[in-house]
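Engineer: As input, take work31.cif (mmCIF, C-alpha atoms and all ligand atoms; chains and numbers go by the auth columns):
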data_start
#
loop_
_atom_site.group_PDB
_atom_site.id
_atom_site.type_symbol
_atom_site.label_atom_id
_atom_site.label_comp_id
_atom_site.label_asym_id
_atom_site.label_seq_id
_atom_site.Cartn_x
_atom_site.Cartn_y
_atom_site.Cartn_z
_atom_site.B_iso_or_equiv
_atom_site.auth_seq_id
_atom_site.auth_asym_id
ATOM 1 C CA MET A 1 270.298 78.705 70.215 0.00 26 A
ATOM 2 C CA PRO A 2 271.193 80.298 66.883 0.00 27 A
ATOM 3 C CA THR A 3 274.763 81.450 66.316 0.00 28 A
ATOM 4 C CA ILE A 4 275.315 84.887 64.806 0.00 29 A
ATOM 5 C CA THR A 5 278.680 85.517 63.176 0.00 30 A
ATOM 6 C CA ALA A 6 279.577 89.035 62.073 0.00 31 A
ATOM 7 C CA ASP A 7 282.989 90.182 60.860 0.00 32 A
ATOM 8 C CA GLY A 8 284.491 86.954 62.190 0.00 33 A
ATOM 9 C CA ARG A 9 283.047 87.193 65.716 0.00 34 A
ATOM 10 C CA SER A 10 280.356 84.775 66.920 0.00 35 A
ATOM 11 C CA ILE A 11 277.715 84.731 69.625 0.00 36 A
ATOM 12 C CA GLU A 12 274.744 82.552 70.499 0.00 37 A
ATOM 13 C CA VAL A 13 271.480 84.446 70.960 0.00 38 A
ATOM 14 C CA ASP A 14 267.873 83.550 71.615 0.00 39 A
ATOM 15 C CA ALA A 15 265.687 83.049 68.567 0.00 40 A
ATOM 16 C CA GLY A 16 263.639 86.202 68.078 0.00 41 A
ATOM 17 C CA THR A 17 266.474 88.572 68.971 0.00 42 A
ATOM 18 C CA ARG A 18 266.687 91.627 66.740 0.00 43 A
ATOM 19 C CA LEU A 19 269.782 91.085 64.623 0.00 44 A
ATOM 20 C CA VAL A 20 271.165 94.577 65.251 0.00 45 A
ATOM 21 C CA LEU A 21 271.188 93.863 68.984 0.00 46 A
ATOM 22 C CA ALA A 22 272.987 90.558 68.469 0.00 47 A
ATOM 23 C CA ILE A 23 275.652 92.374 66.454 0.00 48 A
ATOM 24 C CA GLU A 24 276.033 94.985 69.175 0.00 49 A
ATOM 25 C CA ALA A 25 276.426 92.189 71.715 0.00 50 A
ATOM 26 C CA LEU A 26 279.478 91.107 69.711 0.00 51 A
ATOM 27 C CA GLY A 27 281.094 94.453 70.519 0.00 52 A
ATOM 28 C CA ILE A 28 280.665 95.790 66.982 0.00 53 A
ATOM 29 C CA ASP A 29 279.610 99.455 66.782 0.00 54 A
ATOM 30 C CA ILE A 30 277.057 98.929 64.012 0.00 55 A
ATOM 31 C CA GLY A 31 275.091 102.002 62.978 0.00 56 A
ATOM 32 C CA HIS A 32 271.438 102.422 63.856 0.00 57 A
ATOM 33 C CA ARG A 33 271.050 106.103 63.243 0.00 58 A
ATOM 34 C CA CYS A 34 267.228 106.048 63.102 0.00 59 A
ATOM 35 C CA GLY A 35 266.896 103.989 66.258 0.00 60 A
ATOM 36 C CA GLY A 36 265.855 100.810 64.461 0.00 61 A
ATOM 37 C CA LYS A 37 262.849 102.151 62.551 0.00 62 A
ATOM 38 C CA ALA A 38 263.812 101.142 58.995 0.00 63 A
ATOM 39 C CA ARG A 39 264.449 104.734 57.951 0.00 64 A
ATOM 40 C CA CYS A 40 268.210 105.185 57.683 0.00 65 A
ATOM 41 C CA THR A 41 269.751 101.919 56.323 0.00 66 A
ATOM 42 C CA THR A 42 272.852 102.426 58.489 0.00 67 A
ATOM 43 C CA CYS A 43 272.239 99.057 60.175 0.00 68 A
ATOM 44 C CA ARG A 44 272.720 97.263 56.865 0.00 69 A
ATOM 45 C CA VAL A 45 274.640 94.009 56.670 0.00 70 A
ATOM 46 C CA ALA A 46 275.682 91.768 53.772 0.00 71 A
ATOM 47 C CA VAL A 47 274.442 88.306 54.680 0.00 72 A
ATOM 48 C CA GLU A 48 276.872 85.601 53.618 0.00 73 A
ATOM 49 C CA ALA A 49 274.790 82.711 54.980 0.00 74 A
ATOM 50 C CA GLY A 50 271.436 82.209 56.621 0.00 75 A
ATOM 51 C CA ALA A 51 269.459 85.170 55.273 0.00 76 A
ATOM 52 C CA PRO A 52 265.830 84.870 56.373 0.00 77 A
ATOM 53 C CA ALA A 53 263.241 84.465 53.639 0.00 78 A
ATOM 54 C CA THR A 54 260.893 87.074 55.066 0.00 79 A
ATOM 55 C CA TYR A 55 260.970 90.853 55.343 0.00 80 A
ATOM 56 C CA THR A 56 259.011 93.429 57.223 0.00 81 A
ATOM 57 C CA ARG A 57 257.184 95.642 54.760 0.00 82 A
ATOM 58 C CA ALA A 58 259.256 98.579 56.025 0.00 83 A
ATOM 59 C CA GLU A 59 262.541 96.782 55.341 0.00 84 A
ATOM 60 C CA PHE A 60 261.531 95.671 51.871 0.00 85 A
ATOM 61 C CA LEU A 61 260.323 99.121 50.810 0.00 86 A
ATOM 62 C CA LYS A 62 263.360 100.859 52.291 0.00 87 A
ATOM 63 C CA LEU A 63 265.832 98.507 50.592 0.00 88 A
ATOM 64 C CA GLN A 64 263.993 98.851 47.299 0.00 89 A
ATOM 65 C CA GLY A 65 263.783 102.646 47.528 0.00 90 A
ATOM 66 C CA ALA A 66 267.478 102.930 48.374 0.00 91 A
ATOM 67 C CA GLY A 67 268.538 100.640 45.530 0.00 92 A
ATOM 68 C CA LEU A 68 269.836 98.075 48.035 0.00 93 A
ATOM 69 C CA LEU A 69 267.377 95.247 47.384 0.00 94 A
ATOM 70 C CA ALA A 70 269.409 92.330 46.057 0.00 95 A
ATOM 71 C CA PRO A 71 268.025 90.211 43.227 0.00 96 A
ATOM 72 C CA GLU A 72 266.341 87.005 44.311 0.00 97 A
ATOM 73 C CA GLY A 73 269.017 84.409 45.104 0.00 98 A
ATOM 74 C CA ALA A 74 271.893 86.932 45.263 0.00 99 A
ATOM 75 C CA ALA A 75 275.002 85.620 47.011 0.00 100 A
ATOM 76 C CA GLU A 76 275.219 88.261 49.756 0.00 101 A
ATOM 77 C CA PRO A 77 271.905 90.073 50.079 0.00 102 A
ATOM 78 C CA VAL A 78 271.912 93.320 51.995 0.00 103 A
ATOM 79 C CA ARG A 79 269.470 93.335 54.893 0.00 104 A
ATOM 80 C CA LEU A 80 268.533 95.898 57.504 0.00 105 A
ATOM 81 C CA SER A 81 269.590 94.293 60.760 0.00 106 A
ATOM 82 C CA CYS A 82 267.066 96.318 62.758 0.00 107 A
ATOM 83 C CA GLN A 83 264.277 94.617 60.818 0.00 108 A
ATOM 84 C CA VAL A 84 265.524 91.035 61.069 0.00 109 A
ATOM 85 C CA LEU A 85 264.646 88.696 63.904 0.00 110 A
ATOM 86 C CA VAL A 86 267.151 85.898 64.355 0.00 111 A
ATOM 87 C CA GLU A 87 265.632 82.566 63.367 0.00 112 A
ATOM 88 C CA GLY A 88 268.739 80.443 62.761 0.00 113 A
ATOM 89 C CA ASP A 89 272.486 80.638 62.257 0.00 114 A
ATOM 90 C CA MET A 90 273.622 83.620 60.198 0.00 115 A
ATOM 91 C CA THR A 91 276.973 84.903 58.946 0.00 116 A
ATOM 92 C CA MET A 92 277.445 88.455 57.690 0.00 117 A
ATOM 93 C CA ARG A 93 279.620 91.468 57.094 0.00 118 A
ATOM 94 C CA VAL A 94 278.698 94.702 58.846 0.00 119 A
ATOM 95 C CA LEU A 95 278.725 97.550 56.323 0.00 120 A
ATOM 96 C CA LYS A 96 278.572 100.714 58.451 0.00 121 A
ATOM 97 C CA THR A 97 280.006 101.293 61.900 0.00 122 A
ATOM 98 C CA LYS A 98 280.745 104.265 64.096 0.00 123 A
ATOM 99 C CA GLN A 99 284.408 103.857 63.202 0.00 124 A
ATOM 100 C CA THR A 100 284.028 103.532 59.424 0.00 125 A
ATOM 101 C CA GLU A 101 281.615 106.463 59.207 0.00 126 A
ATOM 102 C CA GLY A 102 283.158 108.761 61.830 0.00 127 A
ATOM 103 C CA TRP A 103 279.902 109.136 63.764 0.00 128 A
ATOM 104 C CA PRO A 104 280.052 110.382 67.364 0.00 129 A
ATOM 105 C CA ASP A 105 277.899 107.413 68.371 0.00 130 A
ATOM 106 C CA THR A 106 276.011 104.541 66.754 0.00 131 A
ATOM 107 C CA GLY A 107 272.562 106.140 67.093 0.00 132 A
ATOM 108 C CA PRO A 108 269.542 106.097 69.382 0.00 133 A
ATOM 109 C CA GLU A 109 269.038 102.992 71.478 0.00 134 A
ATOM 110 C CA VAL A 110 267.189 100.180 69.716 0.00 135 A
ATOM 111 C CA GLY A 111 264.462 98.389 71.660 0.00 136 A
ATOM 112 C CA ALA A 112 263.837 94.664 71.721 0.00 137 A
ATOM 113 C CA ASP A 113 260.674 94.784 69.619 0.00 138 A
ATOM 114 C CA LEU A 114 260.426 95.272 65.882 0.00 139 A
ATOM 115 C CA VAL A 115 259.189 98.703 64.839 0.00 140 A
ATOM 116 C CA PRO A 116 257.347 100.123 62.960 0.00 141 A
ATOM 117 C CA GLU A 117 255.602 96.752 62.527 0.00 142 A
ATOM 118 C CA VAL A 118 256.211 93.188 63.569 0.00 143 A
ATOM 119 C CA GLU A 119 254.569 91.357 60.689 0.00 144 A
ATOM 120 C CA ARG A 120 256.870 89.775 58.119 0.00 145 A
ATOM 121 C CA PHE A 121 256.104 88.669 54.586 0.00 146 A
ATOM 122 C CA ASP A 122 257.733 86.594 51.878 0.00 147 A
ATOM 123 C CA ARG A 123 259.303 88.465 49.007 0.00 148 A
ATOM 124 C CA ALA A 124 256.703 87.465 46.405 0.00 149 A
ATOM 125 C CA THR A 125 253.921 88.935 48.519 0.00 150 A
ATOM 126 C CA LEU A 126 255.721 92.249 48.890 0.00 151 A
ATOM 127 C CA GLU A 127 256.686 92.399 45.206 0.00 152 A
ATOM 128 C CA ALA A 128 253.046 91.814 44.287 0.00 153 A
ATOM 129 C CA GLU A 129 251.991 94.611 46.639 0.00 154 A
ATOM 130 C CA VAL A 130 254.443 97.024 45.051 0.00 155 A
ATOM 131 C CA ALA A 131 253.397 96.001 41.531 0.00 156 A
ATOM 132 C CA ALA A 132 249.754 96.602 42.414 0.00 157 A
ATOM 133 C CA GLY A 133 250.638 100.085 43.657 0.00 158 A
HETATM 134 S S1 LIG B . 267.205 101.364 59.186 0.00 201 A
HETATM 135 FE FE1 LIG B . 267.841 102.734 60.722 0.00 201 A
HETATM 136 S S2 LIG B . 268.553 101.420 62.246 0.00 201 A
HETATM 137 FE FE2 LIG B . 267.883 100.067 60.747 0.00 201 A
#
Translate this file's structure into structure tokens.
Structural biologist:
Amino acid sequence: MPTITADGRSIEVDAGTRLVLAIEALGIDIGHRCGGKARCTTCRVAVEAGAPATYTRAEFLKLQGAGLLAPEGAAEPVRLSCQVLVEGDMTMRVLKTKQTEGWPDTGPEVGADLVPEVERFDRATLEAEVAAG
């Protein structure tokens, strides 16, 4: 089983687990203010190791639109944890929590399945889509 390490805490989870849920299982109050729909970016993490090579279209477009899309090969790419399915070991820093942001709660409950879409693409495919308009 893959090991997820966030802010120095580690847990083993099943492959295919939504990353935001793995982080919550660590007892970290990570934000998910849109309920895991790739709209708010409050579930963002800086991935120190093990960043997956694929993105949902929604994650890619949201990161790009928000100016959060790291250059290819960046040391700690920002990813939206609600849009990442755990494939292997990952290590990260959580960037927004209930405590750091002063929210009354972390946000609406996030389900087990990726939304708004489950399909994932490599970066070159999505960059080509954007370039083509
Ligand atoms: S973008 Fe809102 S929870 Fe992930």
Engineer: Run the PyMOL selection byres (((not hetatm)) within 8 of (chain A and resi 201)) on the file and write out the hits as a CSV table (one decimal) with C-alpha atoms, in the frame of the given file.
Structural biologist:
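So out32.csv came out as:
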chain,number,residue,atom,x,y,z
A,45,VAL,CA,271.2,94.6,65.3
A,56,GLY,CA,275.1,102.0,63.0
A,57,HIS,CA,271.4,102.4,63.9
A,58,ARG,CA,271.0,106.1,63.2
A,59,CYS,CA,267.2,106.0,63.1
A,60,GLY,CA,266.9,104.0,66.3
A,61,GLY,CA,265.9,100.8,64.5
A,62,LYS,CA,262.8,102.2,62.6
A,63,ALA,CA,263.8,101.1,59.0
A,64,ARG,CA,264.4,104.7,58.0
A,65,CYS,CA,268.2,105.2,57.7
A,66,THR,CA,269.8,101.9,56.3
A,67,THR,CA,272.9,102.4,58.5
A,68,CYS,CA,272.2,99.1,60.2
A,69,ARG,CA,272.7,97.3,56.9
A,84,GLU,CA,262.5,96.8,55.3
A,87,LYS,CA,263.4,100.9,52.3
A,105,LEU,CA,268.5,95.9,57.5
A,106,SER,CA,269.6,94.3,60.8
A,107,CYS,CA,267.1,96.3,62.8
A,108,GLN,CA,264.3,94.6,60.8
A,132,GLY,CA,272.6,106.1,67.1
A,135,VAL,CA,267.2,100.2,69.7
Engineer: Return the single residue from A:Glu73, A:Glu49, A:Glu142, A:Glu154 that is closest to Arg118 (chain A), with distances computed using all atoms listed in the file.
Structural biologist: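 Using all atoms listed in the file, Arg118 (chain A) sits closest to A:Glu73.
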Engineer: Using all atoms listed in the file, can you tell me which of A:Met117, A:Val109, A:Ala76, A:Val155 comes closest to Asp138 (chain A)?
Structural biologist: A:Val109
Engineer: Return the single residue from A:Asp147, A:Asp54, A:Asp114, A:Glu152 that is closest to Pro129 (chain A), with distances computed using all atoms listed in the file.
Structural biologist: A:Asp54
Engineer: Compile the contact shell of Glu37 (chain A) as number ranges by chain: residues with an atom at most 9 Å away, counting all atoms listed in the file, same-chain residues fewer than 2 positions apart removed.
Structural biologist: A: 26-30, 35, 39, 47, 114
Engineer: Do a neighbour search on Arg82 (chain A) at 9 Å with all atoms listed in the file, toss out local chain neighbours closer than 6 positions, and write the hits as an MDAnalysis selection string.
Structural biologist: chainID A and resid 142 144:146 151
Engineer: Run the PyMOL selection byres (((chain A and resi 101) around 10) and not hetatm) against the file shown and list the residues it catches, as a PDB file with C-alpha atoms, in the coordinates of the input.
Structural biologist:
ATOM      1  CA  VAL A  70     274.640  94.009  56.670  1.00  0.00           C
ATOM      2  CA  ALA A  71     275.682  91.768  53.772  1.00  0.00           C
ATOM      3  CA  VAL A  72     274.442  88.306  54.680  1.00  0.00           C
ATOM      4  CA  GLU A  73     276.872  85.601  53.618  1.00  0.00           C
ATOM      5  CA  ALA A  74     274.790  82.711  54.980  1.00  0.00           C
ATOM      6  CA  GLY A  75     271.436  82.209  56.621  1.00  0.00           C
ATOM      7  CA  ALA A  76     269.459  85.170  55.273  1.00  0.00           C
ATOM      8  CA  ALA A  95     269.409  92.330  46.057  1.00  0.00           C
ATOM      9  CA  PRO A  96     268.025  90.211  43.227  1.00  0.00           C
ATOM     10  CA  GLY A  98     269.017  84.409  45.104  1.00  0.00           C
ATOM     11  CA  ALA A  99     271.893  86.932  45.263  1.00  0.00           C
ATOM     12  CA  ALA A 100     275.002  85.620  47.011  1.00  0.00           C
ATOM     13  CA  PRO A 102     271.905  90.073  50.079  1.00  0.00           C
ATOM     14  CA  VAL A 103     271.912  93.320  51.995  1.00  0.00           C
ATOM     15  CA  ARG A 104     269.470  93.335  54.893  1.00  0.00           C
ATOM     16  CA  THR A 116     276.973  84.903  58.946  1.00  0.00           C
ATOM     17  CA  MET A 117     277.445  88.455  57.690  1.00  0.00           C
ATOM     18  CA  ARG A 118     279.620  91.468  57.094  1.00  0.00           C
TER      19      ARG A 118
END
Engineer: Go through A:Ile55, A:Gly33, A:Val111, A:Glu126 one by one, measure the shortest atom-to-atom distance of each to Thr79 (chain A) using only C-alpha atoms, and give the residue with the smallest value.
Structural biologist: A:Val111
Engineer: Quick check, in Å to one decimal: how far apart do CA of Tyr80 (chain A) and CA of Arg34 (chain A) lie?
Structural biologist: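 Separation between CA of Tyr80 (chain A) and CA of Arg34 (chain A): 24.7 Å.
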Engineer: Just the number, please: distance in Å from CA of Ala50 (chain A) to CA of Gln89 (chain A), one decimal.
Structural biologist: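 Result for CA of Ala50 (chain A) versus CA of Gln89 (chain A): 28.2 Å, one decimal.
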Engineer: What's the separation between CA of Leu88 (chain A) and CA of Thr122 (chain A), in Å to one decimal place?
Structural biologist: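 Taking CA of Leu88 (chain A) and CA of Thr122 (chain A), their separation equals 18.3 Å.
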Engineer: Using only C-alpha atoms for the distances, tell me which of A:Leu51, A:Leu46, A:Ala149, A:Val140 is nearest to Ala31 (chain A).
Structural biologist: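 Closest candidate: A:Leu51.
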Engineer: Taking into account all atoms listed in the file, which residue in the set A:Ala137, A:Leu120, A:Ala83, A:Ala153 is nearest to Asp32 (chain A)?
Structural biologist: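 For Asp32 (chain A), the nearest of the candidates is A:Leu120.
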